[in-house]
Each structure stands twice: as structure tokens, then as C-alpha cells.
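Engineer: This one is start14.pdb, PDB, C-alpha atoms, pLDDT in the B column.
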ATOM      1  CA  MET A   1     181.498 126.237 190.132  1.00 44.00           C
ATOM      2  CA  SER A   2     179.202 123.311 189.339  1.00 46.00           C
ATOM      3  CA  GLU A   3     176.426 123.376 186.782  1.00 51.00           C
ATOM      4  CA  PRO A   4     172.959 124.048 188.225  1.00 53.00           C
ATOM      5  CA  ASN A   5     171.538 120.679 187.097  1.00 56.00           C
ATOM      6  CA  ALA A   6     174.648 118.613 187.801  1.00 54.00           C
ATOM      7  CA  PRO A   7     173.997 115.644 190.117  1.00 59.00           C
ATOM      8  CA  THR A   8     175.266 116.060 193.664  1.00 71.00           C
ATOM      9  CA  ALA A   9     177.831 113.523 194.841  1.00 89.00           C
ATOM     10  CA  THR A  10     176.649 111.105 197.500  1.00 93.00           C
ATOM     11  CA  ARG A  11     178.070 111.769 200.952  1.00 96.00           C
ATOM     12  CA  LEU A  12     177.938 109.699 204.124  1.00 97.00           C
ATOM     13  CA  TRP A  13     176.356 111.337 207.163  1.00 97.00           C
ATOM     14  CA  THR A  14     176.037 109.954 210.696  1.00 96.00           C
ATOM     15  CA  PRO A  15     174.677 111.719 213.800  1.00 94.00           C
ATOM     16  CA  GLN A  16     178.321 112.683 214.478  1.00 95.00           C
ATOM     17  CA  GLY A  17     178.524 114.503 211.114  1.00 95.00           C
ATOM     18  CA  PHE A  18     179.835 113.857 207.614  1.00 97.00           C
ATOM     19  CA  ARG A  19     182.665 111.371 207.237  1.00 96.00           C
ATOM     20  CA  GLU A  20     184.522 109.346 204.656  1.00 96.00           C
ATOM     21  CA  ASP A  21     182.676 106.242 203.523  1.00 96.00           C
ATOM     22  CA  GLU A  22     184.829 103.138 203.895  1.00 95.00           C
ATOM     23  CA  TRP A  23     182.148 100.900 202.345  1.00 97.00           C
ATOM     24  CA  ILE A  24     181.890 100.128 198.621  1.00 95.00           C
ATOM     25  CA  HIS A  25     178.735  98.922 196.907  1.00 96.00           C
ATOM     26  CA  ALA A  26     179.689  95.780 194.967  1.00 96.00           C
ATOM     27  CA  GLU A  27     177.621  93.696 192.583  1.00 93.00           C
ATOM     28  CA  SER A  28     179.072  90.281 193.388  1.00 91.00           C
ATOM     29  CA  ALA A  29     181.032  88.368 195.984  1.00 88.00           C
ATOM     30  CA  ASP A  30     184.110  88.619 193.741  1.00 90.00           C
ATOM     31  CA  ALA A  31     184.772  91.967 195.438  1.00 88.00           C
ATOM     32  CA  LEU A  32     185.627  90.166 198.677  1.00 88.00           C
ATOM     33  CA  SER A  33     188.855  88.927 197.081  1.00 87.00           C
ATOM     34  CA  GLY A  34     190.176  92.494 197.371  1.00 83.00           C
ATOM     35  CA  ASN A  35     190.774  94.679 200.375  1.00 88.00           C
ATOM     36  CA  GLY A  36     188.033  96.871 201.742  1.00 93.00           C
ATOM     37  CA  ARG A  37     184.530  96.721 203.096  1.00 96.00           C
ATOM     38  CA  PHE A  38     181.754  95.745 200.710  1.00 97.00           C
ATOM     39  CA  ILE A  39     177.972  96.019 200.615  1.00 97.00           C
ATOM     40  CA  LEU A  40     176.561  93.152 198.559  1.00 97.00           C
ATOM     41  CA  PRO A  41     173.083  92.779 197.068  1.00 97.00           C
ATOM     42  CA  LEU A  42     170.888  90.302 198.950  1.00 98.00           C
ATOM     43  CA  GLN A  43     171.259  87.372 196.550  1.00 97.00           C
ATOM     44  CA  ALA A  44     175.053  87.716 196.332  1.00 96.00           C
ATOM     45  CA  PHE A  45     175.167  87.755 200.133  1.00 97.00           C
ATOM     46  CA  LEU A  46     172.924  84.691 200.434  1.00 97.00           C
ATOM     47  CA  ASP A  47     175.012  82.802 197.845  1.00 96.00           C
ATOM     48  CA  LEU A  48     178.189  83.188 199.923  1.00 96.00           C
ATOM     49  CA  ASP A  49     179.610  80.126 201.594  1.00 95.00           C
ATOM     50  CA  PRO A  50     178.719  80.284 205.324  1.00 95.00           C
ATOM     51  CA  GLU A  51     182.404  80.141 206.283  1.00 94.00           C
ATOM     52  CA  VAL A  52     183.191  83.076 203.988  1.00 92.00           C
ATOM     53  CA  ARG A  53     180.357  85.087 205.561  1.00 94.00           C
ATOM     54  CA  LYS A  54     181.653  84.272 209.034  1.00 93.00           C
ATOM     55  CA  SER A  55     185.293  85.123 208.281  1.00 92.00           C
ATOM     56  CA  ALA A  56     184.439  88.334 206.395  1.00 93.00           C
ATOM     57  CA  LYS A  57     181.948  89.729 208.931  1.00 94.00           C
ATOM     58  CA  GLU A  58     183.812  92.958 209.676  1.00 95.00           C
ATOM     59  CA  ARG A  59     184.035  93.846 205.996  1.00 95.00           C
ATOM     60  CA  LEU A  60     180.676  92.512 204.848  1.00 96.00           C
ATOM     61  CA  GLY A  61     177.394  94.353 204.485  1.00 97.00           C
ATOM     62  CA  VAL A  62     174.152  93.498 202.731  1.00 98.00           C
ATOM     63  CA  LEU A  63     171.761  95.711 200.746  1.00 98.00           C
ATOM     64  CA  LEU A  64     168.034  95.073 201.001  1.00 98.00           C
ATOM     65  CA  LEU A  65     165.673  96.565 198.443  1.00 97.00           C
ATOM     66  CA  PRO A  66     162.136  97.461 199.569  1.00 96.00           C
ATOM     67  CA  GLY A  67     160.707  94.210 198.157  1.00 96.00           C
ATOM     68  CA  ASP A  68     163.334  91.982 199.806  1.00 97.00           C
ATOM     69  CA  ALA A  69     162.142  90.059 202.850  1.00 97.00           C
ATOM     70  CA  LEU A  70     164.067  90.899 206.021  1.00 97.00           C
ATOM     71  CA  GLU A  71     163.460  87.341 207.226  1.00 97.00           C
ATOM     72  CA  LYS A  72     165.904  86.072 204.563  1.00 97.00           C
ATOM     73  CA  ILE A  73     168.805  87.480 206.597  1.00 98.00           C
ATOM     74  CA  ALA A  74     167.338  87.269 210.113  1.00 97.00           C
ATOM     75  CA  GLU A  75     169.355  84.167 211.018  1.00 97.00           C
ATOM     76  CA  LEU A  76     172.471  85.599 209.352  1.00 97.00           C
ATOM     77  CA  LEU A  77     172.644  88.991 211.084  1.00 97.00           C
ATOM     78  CA  ASP A  78     175.581  87.795 213.182  1.00 96.00           C
ATOM     79  CA  THR A  79     177.612  87.514 209.950  1.00 96.00           C
ATOM     80  CA  VAL A  80     177.318  91.168 208.841  1.00 97.00           C
ATOM     81  CA  SER A  81     178.342  94.455 210.386  1.00 97.00           C
ATOM     82  CA  LEU A  82     176.147  96.674 208.188  1.00 98.00           C
ATOM     83  CA  VAL A  83     172.658  96.397 206.706  1.00 98.00           C
ATOM     84  CA  ALA A  84     171.878  98.954 204.011  1.00 98.00           C
ATOM     85  CA  LEU A  85     168.201  99.608 203.341  1.00 98.00           C
ATOM     86  CA  ALA A  86     167.271 101.130 199.997  1.00 97.00           C
ATOM     87  CA  PHE A  87     164.869 104.010 199.482  1.00 95.00           C
ATOM     88  CA  PRO A  88     164.657 104.088 195.665  1.00 92.00           C
ATOM     89  CA  ALA A  89     161.757 106.568 195.719  1.00 88.00           C
ATOM     90  CA  PHE A  90     160.665 109.066 198.360  1.00 80.00           C
ATOM     91  CA  ASN A  91     157.179 107.532 198.478  1.00 84.00           C
ATOM     92  CA  ASP A  92     158.284 103.939 199.177  1.00 88.00           C
ATOM     93  CA  GLY A  93     158.520 103.540 202.945  1.00 87.00           C
ATOM     94  CA  ARG A  94     158.918  99.773 203.275  1.00 93.00           C
ATOM     95  CA  SER A  95     162.521 100.181 204.400  1.00 96.00           C
ATOM     96  CA  PHE A  96     161.388 102.253 207.395  1.00 95.00           C
ATOM     97  CA  SER A  97     159.744  99.129 208.818  1.00 94.00           C
ATOM     98  CA  LYS A  98     162.818  97.016 208.139  1.00 97.00           C
ATOM     99  CA  GLY A  99     165.039  99.484 210.002  1.00 96.00           C
ATOM    100  CA  GLU A 100     162.791  99.422 213.041  1.00 95.00           C
ATOM    101  CA  LEU A 101     162.512  95.610 212.987  1.00 96.00           C
ATOM    102  CA  LEU A 102     166.285  95.213 212.774  1.00 97.00           C
ATOM    103  CA  ARG A 103     166.626  97.077 216.066  1.00 96.00           C
ATOM    104  CA  SER A 104     163.501  96.008 217.979  1.00 94.00           C
ATOM    105  CA  ARG A 105     162.763  92.439 216.865  1.00 95.00           C
ATOM    106  CA  TYR A 106     166.216  91.217 215.860  1.00 97.00           C
ATOM    107  CA  SER A 107     168.355  93.343 218.242  1.00 96.00           C
ATOM    108  CA  PHE A 108     170.823  94.080 215.440  1.00 97.00           C
ATOM    109  CA  GLN A 109     173.721  96.085 216.881  1.00 96.00           C
ATOM    110  CA  GLY A 110     175.574  96.824 213.636  1.00 97.00           C
ATOM    111  CA  ALA A 111     175.174  99.834 211.372  1.00 98.00           C
ATOM    112  CA  VAL A 112     171.815 100.380 209.681  1.00 98.00           C
ATOM    113  CA  ARG A 113     172.289 102.568 206.615  1.00 98.00           C
ATOM    114  CA  ALA A 114     169.717 104.381 204.491  1.00 97.00           C
ATOM    115  CA  THR A 115     170.562 104.600 200.786  1.00 96.00           C
ATOM    116  CA  GLY A 116     168.798 106.269 197.871  1.00 93.00           C
ATOM    117  CA  GLN A 117     166.179 108.996 198.200  1.00 88.00           C
ATOM    118  CA  VAL A 118     166.830 110.219 201.745  1.00 89.00           C
ATOM    119  CA  LEU A 119     165.046 113.537 202.271  1.00 86.00           C
ATOM    120  CA  ILE A 120     165.188 116.127 205.065  1.00 86.00           C
ATOM    121  CA  ASP A 121     161.677 115.448 206.350  1.00 86.00           C
ATOM    122  CA  GLN A 122     162.380 111.701 206.636  1.00 89.00           C
ATOM    123  CA  LEU A 123     165.693 111.969 208.488  1.00 90.00           C
ATOM    124  CA  PRO A 124     164.366 112.554 212.045  1.00 90.00           C
ATOM    125  CA  HIS A 125     162.037 109.565 211.751  1.00 89.00           C
ATOM    126  CA  MET A 126     164.854 107.382 210.400  1.00 93.00           C
ATOM    127  CA  LEU A 127     167.022 108.364 213.366  1.00 92.00           C
ATOM    128  CA  ARG A 128     164.232 107.422 215.795  1.00 90.00           C
ATOM    129  CA  LEU A 129     163.825 104.048 214.095  1.00 92.00           C
ATOM    130  CA  GLY A 130     167.491 103.173 214.611  1.00 93.00           C
ATOM    131  CA  PHE A 131     169.178 104.150 211.346  1.00 97.00           C
ATOM    132  CA  SER A 132     172.765 105.114 212.089  1.00 97.00           C
ATOM    133  CA  GLU A 133     174.211 106.037 208.675  1.00 97.00           C
ATOM    134  CA  PHE A 134     172.835 107.872 205.654  1.00 97.00           C
ATOM    135  CA  GLU A 135     174.020 108.093 202.070  1.00 97.00           C
ATOM    136  CA  VAL A 136     172.766 111.541 201.134  1.00 95.00           C
ATOM    137  CA  SER A 137     172.802 113.269 197.787  1.00 92.00           C
ATOM    138  CA  HIS A 138     169.857 115.667 197.985  1.00 89.00           C
ATOM    139  CA  PRO A 139     171.346 119.207 197.927  1.00 91.00           C
ATOM    140  CA  THR A 140     168.858 120.630 200.452  1.00 89.00           C
ATOM    141  CA  LEU A 141     169.516 117.822 202.922  1.00 89.00           C
ATOM    142  CA  ILE A 142     173.290 118.192 202.536  1.00 93.00           C
ATOM    143  CA  ALA A 143     173.082 121.955 203.139  1.00 93.00           C
ATOM    144  CA  ARG A 144     170.932 121.531 206.250  1.00 93.00           C
ATOM    145  CA  LEU A 145     173.130 118.788 207.661  1.00 94.00           C
ATOM    146  CA  GLU A 146     176.227 120.922 207.056  1.00 94.00           C
ATOM    147  CA  ALA A 147     174.465 123.642 209.060  1.00 94.00           C
ATOM    148  CA  GLY A 148     173.703 121.146 211.842  1.00 90.00           C
ATOM    149  CA  ARG A 149     169.948 121.181 211.247  1.00 88.00           C
ATOM    150  CA  THR A 150     168.324 117.736 211.302  1.00 85.00           C
ATOM    151  CA  GLY A 151     164.752 118.980 211.659  1.00 78.00           C
ATOM    152  CA  GLY A 152     161.973 117.043 213.294  1.00 69.00           C
ATOM    153  CA  ILE A 153     159.026 117.562 215.600  1.00 64.00           C
ATOM    154  CA  PRO A 154     159.706 117.657 219.356  1.00 62.00           C
ATOM    155  CA  LEU A 155     156.742 115.429 220.357  1.00 56.00           C
ATOM    156  CA  TYR A 156     155.941 111.856 219.278  1.00 53.00           C
ATOM    157  CA  TYR A 157     152.794 109.755 219.558  1.00 55.00           C
ATOM    158  CA  GLN A 158     154.304 106.305 219.170  1.00 60.00           C
ATOM    159  CA  PRO A 159     157.327 104.513 220.638  1.00 61.00           C
ATOM    160  CA  THR A 160     160.183 103.399 218.386  1.00 64.00           C
ATOM    161  CA  ALA A 161     163.594 101.761 218.623  1.00 61.00           C
ATOM    162  CA  LYS A 162     164.924 104.850 220.405  1.00 63.00           C
ATOM    163  CA  PRO A 163     162.896 105.436 223.589  1.00 63.00           C
ATOM    164  CA  ALA A 164     161.220 108.804 224.085  1.00 59.00           C
ATOM    165  CA  GLY A 165     161.426 110.823 227.253  1.00 61.00           C
ATOM    166  CA  LYS A 166     158.591 111.275 229.717  1.00 60.00           C
ATOM    167  CA  SER A 167     156.120 113.992 228.873  1.00 56.00           C
ATOM    168  CA  VAL A 168     153.959 116.194 230.976  1.00 56.00           C
ATOM    169  CA  GLY A 169     150.218 115.778 230.574  1.00 57.00           C
ATOM    170  CA  TYR A 170     149.002 113.173 228.133  1.00 55.00           C
ATOM    171  CA  SER A 171     150.398 109.636 228.348  1.00 54.00           C
ATOM    172  CA  TRP A 172     150.366 109.283 224.560  1.00 53.00           C
ATOM    173  CA  ARG A 173     152.495 112.377 223.966  1.00 55.00           C
ATOM    174  CA  ARG A 174     156.202 111.669 224.160  1.00 60.00           C
ATOM    175  CA  ALA A 175     159.128 114.044 224.123  1.00 60.00           C
ATOM    176  CA  PRO A 176     162.360 113.153 222.319  1.00 63.00           C
ATOM    177  CA  THR A 177     165.369 112.005 224.290  1.00 59.00           C
ATOM    178  CA  ALA A 178     168.729 113.610 223.794  1.00 53.00           C
TER     179      ALA A 178
END
Can you dump the structure from the file as C-alpha cells?
Structural biologist:
Amino acid sequence: MSEPNAPTATRLWTPQGFREDEWIHAESADALSGNGRFILPLQAFLDLDPEVRKSAKERLGVLLLPGDALEKIAELLDTVSLVALAFPAFNDGRSFSKGELLRSRYSFQGAVRATGQVLIDQLPHMLRLGFSEFEVSHPTLIARLEAGRTGGIPLYYQPTAKPAGKSVGYSWRRAPTA
């Protein structure tokens, strides 16, 4: 039995359920010399030789902090298969916008991962914005996801990366799509 205040291990959740995480957070490009798939901080990613980025695409991801400009990687999105967006605090939502822009403006087809403080009330919105993977450690969120409960409100007022279904009545009220 674990201690009541012991930190919960981070687990990877996708809309298909929990799964093993094949990605490793690395601090520098030196990690690419080994086997595996690596998520590099923005500057380490930008410092890579363009040929290395191109040849390592399938095992290369980049981590953007809330203050990092998405435009720095916009022209390089074809050289990564995962973009991880950090949520270091529950009240910092800048990465929400980046997730939506990756899908709508830049048509990024790879994995968009949320890392850090991912909470149960944020998850449905993240899914609508196009996030496809979540590193979760909050005990309440883990318990609800294990029970198959993602939460959310069944009606939306604004469009996002995932289109909403047609609603009855008001044009501004949208119903979620399956």
C-alpha cells in the first residue's frame, strides 16, 4: 500500500485507454545516439542538424513550454512525429492555444501530447482541441479515466479542431460528435 502523500507515477492515456509510453523525455540531442523515441526541449530540437531531424523523424518529438513560440517549429513540423505541450500549472492555459493551432492552422497530423498539470475538468476541452495523448499523474484523473469517465459538457458554443455535430434550435449551440 502506498503512502497517502506519495507522488503518483505518471501514466500515458489516449482516448483508447492507458498504454505503455514509448517516449522518453531527454535533455539533449545526445539521447538520439541510443535506441528509442525521444522528446527534446525546444532549443535542443532547434540545434539539431536538419539532416538529423529528417532522418530521426519517427523517433523525434519536441517539448514546448507555455512561453515558447509555436512559430519556431512551424516550418519544421514535418520533421517530428510528436509535439508535447507543457502545462506546468493548472492556471496557465497558453498550451491550449498551441494545441488548437497545431491542428487548425498548421494541419499537424502527428501526436499532440499534454504534459504536466492535466486535470479532469481540462481533459474534455483538450480532446476537442486535438490533443491525442496525455501524461497524467493526478490521482483523481487517473481514477476517473480507469473508470472510463472523461467528463465534459454535452453542448459547445464555439468550434474547435474537432467539429461539433448539428444541434437543434440555436445555431450557436453545438452538440459533440462521437
Engineer: Show me, as a list in words, the residues that have an atom within 10 Å of Ser137 (chain A) when counting only C-alpha atoms, minus same-chain residues fewer than 6 positions from it.
Structural biologist: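 After dropping sequence-adjacent residues, the list is Pro7, Thr8, Ala9, Thr10, Arg11, Leu12, Thr115, Gly116, Gln117, Val118 and Leu119 of chain A.
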Engineer: Can I get the selection written as a compact mmCIF listing (two decimals), keeping the file's coordinate frame, with C-alpha atoms?
Structural biologist:
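result-v5.txt written:
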# COMPACT_ATOMS: atom_id res chain seq x y z
CA PRO A 7 174.00 115.64 190.12
CA THR A 8 175.27 116.06 193.66
CA ALA A 9 177.83 113.52 194.84
CA THR A 10 176.65 111.10 197.50
CA ARG A 11 178.07 111.77 200.95
CA LEU A 12 177.94 109.70 204.12
CA THR A 115 170.56 104.60 200.79
CA GLY A 116 168.80 106.27 197.87
CA GLN A 117 166.18 109.00 198.20
CA VAL A 118 166.83 110.22 201.74
CA LEU A 119 165.05 113.54 202.27
Engineer: Once the PyMOL selection byres ((chain A and resi 121) around 10) has been applied to the shown file, what residues remain in the selection, as a list in words?
Structural biologist: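 Residues picked by the PyMOL selection byres ((chain A and resi 121) around 10): Val118, Leu119, Ile120, Gln122, Leu123, Pro124, His125, Met126, Leu141, Thr150, Gly151, Gly152 and Ile153 of chain A.
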Engineer: Could you give me, as number ranges by chain, the residues within 8 Å of Asp78 (chain A), counting all atoms listed in the file and dropping anything in the same chain fewer than 3 positions from it?
Structural biologist: A: 57, 75, 81
Engineer: With distances taken over all atoms listed in the file, which residue among A:Asp47, A:Val112, A:Leu60, A:Thr14 lies nearest Ala26 (chain A)?
Structural biologist: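 Of all the options, A:Leu60 lies closest to Ala26 (chain A).
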Engineer: Could you check how far CA of Phe87 (chain A) sits from CA of Gln16 (chain A), in Å to one decimal?
Structural biologist: 21.9 Å
Engineer: May I have the residues within 6 Å of region 33-41 of chain A as a count of residues only, using all atoms listed in the file and disregarding those fewer than 6 positions away in the same chain?
Structural biologist: 9
Engineer: If you count only C-alpha atoms, which residues fall within 12 Å of Gly67 (chain A), apart from same-chain ones fewer than 5 positions away, as a short mmCIF file (atom, residue, chain, number, x, y, z; two decimals) with C-alpha atoms, keeping the file's coordinate frame?
Structural biologist:
data_model
loop_
_atom_site.label_atom_id
_atom_site.label_comp_id
_atom_site.auth_asym_id
_atom_site.auth_seq_id
_atom_site.Cartn_x
_atom_site.Cartn_y
_atom_site.Cartn_z
CA LEU A 42 170.89 90.30 198.95
CA LYS A 72 165.90 86.07 204.56
CA LEU A 85 168.20 99.61 203.34
CA ALA A 86 167.27 101.13 200.00
CA PHE A 87 164.87 104.01 199.48
CA PRO A 88 164.66 104.09 195.66
CA ASP A 92 158.28 103.94 199.18
CA GLY A 93 158.52 103.54 202.94
CA ARG A 94 158.92 99.77 203.28
CA SER A 95 162.52 100.18 204.40
CA SER A 97 159.74 99.13 208.82
CA LYS A 98 162.82 97.02 208.14
#
Engineer: So which residues get picked by the PyMOL selection byres ((chain A and resi 103) around 12) here, written as an NGL selection string?
Structural biologist: :A and (74 or 77 or 83 or 96-102 or 104-112 or 126-132 or 160-163)
Engineer: What residues come out when you apply the PyMOL selection byres ((chain A and resi 134) around 6) to this file, written as a list in words?
Structural biologist: Leu12, Trp13, Arg113, Ala114, Glu133, Glu135 and Val136 of chain A
Engineer: Could you please determine the separation between CA of Pro15 (chain A) and CA of Thr140 (chain A) in Å, to one decimal place?
Structural biologist: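 Calculated distance between CA of Pro15 (chain A) and CA of Thr140 (chain A) is 17.1 Å.
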Engineer: Please, what distance in Å, to one decimal, runs between CA of Leu46 (chain A) and CA of Glu20 (chain A)?
Structural biologist: 27.6 Å
Engineer: Could you tell me which of A:Gly17, A:Thr79, A:Ile73, A:Leu48 comes closest to Ile142 (chain A) if we count only C-alpha atoms?
Structural biologist: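 Selected residue with least distance to Ile142 (chain A): A:Gly17.
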